[in-house]
Amino acid sequence: MQVHLVDGTYELFRYHYSPGNTDHANGAARGVVGSCLSLIEQGATHVAVATDHVVESFRNALWAGYKNGSDIEPALQAQFPLVEDALRSAGFTVWPMVDQEADDALAAGAAVAAADQRVERVVICTPDKDLGQCVGGKVWQWDRRQDKWFDAQGVRARLGVLPASVPDLLALMGDSADGFPGLPGWGAKSAAAILDRWGHLEDIPHDPAHWDANVRGATRLSATLREQFDLAVLFRRIATVVTTAAVGTVDQWRWTGPQEDFTTVARDLGDSRLAERAQRLAEP
C-alpha cells in the first residue's frame with residue numbers, strides 16, 4: 001500500500017499562476033481537483049489533501065513578520081474554501097488547517113502512515129523544501145511538476161543537509177516565503193556546509209577555528225551565531241513542522257468514489273468531465 005499526501009495550498013498557487021489559467025474564479029480549484037483525480041488514475045488508492053484554510057497560524061505569535069496571507073490575491077484566496085468543498089465532494093480526505101498549517105498536517109499524516117505496517121511508501125506531494133525534514137525510511141517527497149523524487153539522500157543533494165537538519169538550515173538562512181529572515185550573513189551555502197558537518201545549531205563549535213567545513217568568513221558567522229543564538233533557535237522552532245494534527249487513520253484516507261453532488265460541483269467549477277472521470281474511476 002502507498003499513501004499520497006498532497007499539499008493543496010501549493011497546488012492552488014500552481015494552478016492559479018499557470019500560464020494556461022484564464023479562469024481566475026474557478027481555474028485553480030478545478031485544476032487541483034483534476035490533479036488529485038489524476039493520482040487515482042495513476043493507481044493511488046489512499047489520498048489526503050492538506051490546505052491552509054486560514055493562512056495565519058500559531059507561528060504568527062512567535063514572529064511578527066511571519067506570513068499572514070495579506071499578499072494573496074483575493075481571487076486566489078476565495079478558492080481555498082471552494083477547493084476544500086470540491087475535493088470532499090470528489091471523495092477525497094481534506095485537512096483544512098486553522099491553528100496549524102498544511103505542512104503540519106502533511107507531517108502528521110506522514111507520521112501516521114509510516115507507523116502503519118501495511119504502508120510500504122508514503123509520498124508527500126510537494127516541492128516545498130520545509131517538508132524535506134519529514135523524509136526518510138518509508139517517507140519520500142515528490143515534486144510532481146518536475147517528476148523529481150527525494151529520499152533522505154535526495155534531500156541532502158538538493159539542500160545540502162540531511163532531513164533532520166532542514167529546520168536548522170532554514171533557521172540560519174531564513175525563508176522569505178514564510179517571512180523570517182535567518183541570521184545576517186548566513187546564506188544557503190554556508191549554512192548547509194556547517195550543518196552537513198555538525199547537524200544542529202547546538203553542535204556547531206563555539207570556536208570557528210574548529211570549523212572544518214571550508215566556510216568563508218567563519219569568524220564573522222560564528223560571532224553572529226553566538227550573538228543571535230536565541231533568535232536562531234526561535235527560527236528553527238518556526239521552521240519545524242509539528243505532528244499533532246488530528247488526521248485520522250490510513251483507512252479513512254482511502255478514495256472510494258465521489259459523492260452524489262459531485263456532478264453539480266464539477267459543473268459549477270466549469271468542467272463536467274471531472275465528474276465523468278471520477279465516476280469512471282469509482283466503477284468496479
# chains A, B, ... in the order shown; residues from 1 in each chain; ligands from 1
>>> select_by_dssp(residues="region 54-202 of chain A", states="alpha helix (DSSP H)", output="ChimeraX atom specification")
/A:74-77,79-89,102-115,152-159,166-173,188-198
>>> residues_around(residues="region 8-15 of chain A", least_positions_apart="5", cutoff="6 Å", atoms="only C-alpha atoms", output="PyMOL selection string")
chain A and resi 28+31-32+49-51
>>> residues_around(residues="region 53-58 of chain A", least_positions_apart="3", cutoff="9 Å", atoms="only C-alpha atoms", output="PyMOL selection string")
chain A and resi 9+50+61-62+66-70+80-81+84+95-102
>>> write_last_selection(atoms="C-alpha atoms", output="PDB file, in the first residue's frame")
ATOM      1  CA  THR A   9      -2.068  25.105  -0.865  1.00  0.00           C
ATOM      2  CA  ALA A  50      -3.926  19.480   3.303  1.00  0.00           C
ATOM      3  CA  ALA A  61       2.504  34.736  17.524  1.00  0.00           C
ATOM      4  CA  LEU A  62       6.154  33.696  17.510  1.00  0.00           C
ATOM      5  CA  TYR A  66       5.609  35.621   9.637  1.00  0.00           C
ATOM      6  CA  LYS A  67       3.405  35.141   6.571  1.00  0.00           C
ATOM      7  CA  ASN A  68      -0.208  36.202   7.124  1.00  0.00           C
ATOM      8  CA  GLY A  69      -1.756  35.895   3.685  1.00  0.00           C
ATOM      9  CA  SER A  70      -2.083  39.633   3.145  1.00  0.00           C
ATOM     10  CA  PHE A  80      -9.421  27.940  -0.666  1.00  0.00           C
ATOM     11  CA  PRO A  81     -12.867  27.030   0.732  1.00  0.00           C
ATOM     12  CA  GLU A  84     -11.857  22.131   0.001  1.00  0.00           C
ATOM     13  CA  TRP A  95      -7.408  18.607   6.135  1.00  0.00           C
ATOM     14  CA  PRO A  96      -8.288  22.343   6.248  1.00  0.00           C
ATOM     15  CA  MET A  97      -5.854  23.776   8.766  1.00  0.00           C
ATOM     16  CA  VAL A  98      -6.603  26.731  11.039  1.00  0.00           C
ATOM     17  CA  ASP A  99      -4.262  26.963  14.068  1.00  0.00           C
ATOM     18  CA  GLN A 100      -1.616  24.864  12.361  1.00  0.00           C
ATOM     19  CA  GLU A 101      -0.540  24.818   8.722  1.00  0.00           C
ATOM     20  CA  ALA A 102      -0.921  22.470   5.794  1.00  0.00           C
TER      21      ALA A 102
END
>>> residues_around(residues="Ala78 (chain A)", least_positions_apart="4", cutoff="10 Å", atoms="only C-alpha atoms", output="list of chain:residue names")
A:His24, A:Ala25, A:Asn26, A:Ala29, A:Ile72, A:Glu73, A:Pro74, A:Leu82, A:Val83
>>> residues_around(residues="region 156-164 of chain A", least_positions_apart="6", cutoff="7 Å", atoms="only C-alpha atoms", output="ChimeraX atom specification")
/A:132-135,192,195-196
>>> write_last_selection(atoms="C-alpha atoms", output="mmCIF file, in the first residue's frame")
data_model
loop_
_atom_site.group_PDB
_atom_site.id
_atom_site.type_symbol
_atom_site.label_atom_id
_atom_site.label_comp_id
_atom_site.auth_asym_id
_atom_site.auth_seq_id
_atom_site.Cartn_x
_atom_site.Cartn_y
_atom_site.Cartn_z
ATOM 1 C CA GLY A 132 12.212 17.698 3.413
ATOM 2 C CA GLN A 133 12.515 17.321 7.182
ATOM 3 C CA CYS A 134 9.871 14.564 7.079
ATOM 4 C CA VAL A 135 11.694 12.441 4.513
ATOM 5 C CA ALA A 192 24.474 23.867 4.563
ATOM 6 C CA LEU A 195 25.139 21.802 9.258
ATOM 7 C CA ASP A 196 26.133 18.970 6.944
#
>>> residues_around(residues="Val112 (chain A)", least_positions_apart="2", cutoff="10 Å", atoms="only C-alpha atoms", output="list in words")
Leu106, Ala107, Ala108, Gly109, Ala110, Ala114, Ala115, Asp116, Val119, Val122, Thr243, Val247, Gly248, Thr249 and Val250 of chain A
>>> write_last_selection(atoms="C-alpha atoms", output="PDB file, in the first residue's frame")
ATOM      1  CA  LEU A 106       1.224  16.613   5.937  1.00  0.00           C
ATOM      2  CA  ALA A 107       3.852  15.874   8.583  1.00  0.00           C
ATOM      3  CA  ALA A 108       1.239  14.370  10.901  1.00  0.00           C
ATOM      4  CA  GLY A 109      -0.191  12.279   8.087  1.00  0.00           C
ATOM      5  CA  ALA A 110       3.271  11.067   7.122  1.00  0.00           C
ATOM      6  CA  ALA A 114       4.809   5.497   8.271  1.00  0.00           C
ATOM      7  CA  ALA A 115       3.789   3.823  11.529  1.00  0.00           C
ATOM      8  CA  ASP A 116       1.251   1.629   9.725  1.00  0.00           C
ATOM      9  CA  VAL A 119       2.108   1.015   4.226  1.00  0.00           C
ATOM     10  CA  VAL A 122       4.424   7.475   1.972  1.00  0.00           C
ATOM     11  CA  THR A 243       2.777  16.325  14.059  1.00  0.00           C
ATOM     12  CA  VAL A 247      -5.611  13.467  10.674  1.00  0.00           C
ATOM     13  CA  GLY A 248      -7.346  10.181  11.376  1.00  0.00           C
ATOM     14  CA  THR A 249      -6.171   6.801  10.136  1.00  0.00           C
ATOM     15  CA  VAL A 250      -4.848   5.460   6.867  1.00  0.00           C
TER      16      VAL A 250
END
>>> atom_distance(atom1="CA of Thr244 (chain A)", atom2="CA of Gln2 (chain A)")
21.8 Å
>>> select_by_dssp(residues="region 111-192 of chain A", states="strand (DSSP E or B)", output="list in words")
Arg121, Val122, Val123, Ile124, Cys125, Gly136, Val139, Trp140, Gln141, Trp142, Asp143, Lys148, Trp149, Phe150, Asp175 and Phe180 of chain A
>>> residues_around(residues="Val47 (chain A)", least_positions_apart="5", cutoff="10 Å", atoms="only C-alpha atoms", output="number ranges by chain")
A: 2-6, 36-37, 39-40, 91-94, 123, 250, 252-255
>>> atom_distance(atom1="CA of Ala48 (chain A)", atom2="CA of Pro127 (chain A)")
16.5 Å
>>> closest_residue(among="A:Ala209, A:Ile238, A:Ala152, A:Ala171", to="Asn60 (chain A)", atoms="only C-alpha atoms")
A:Ile238
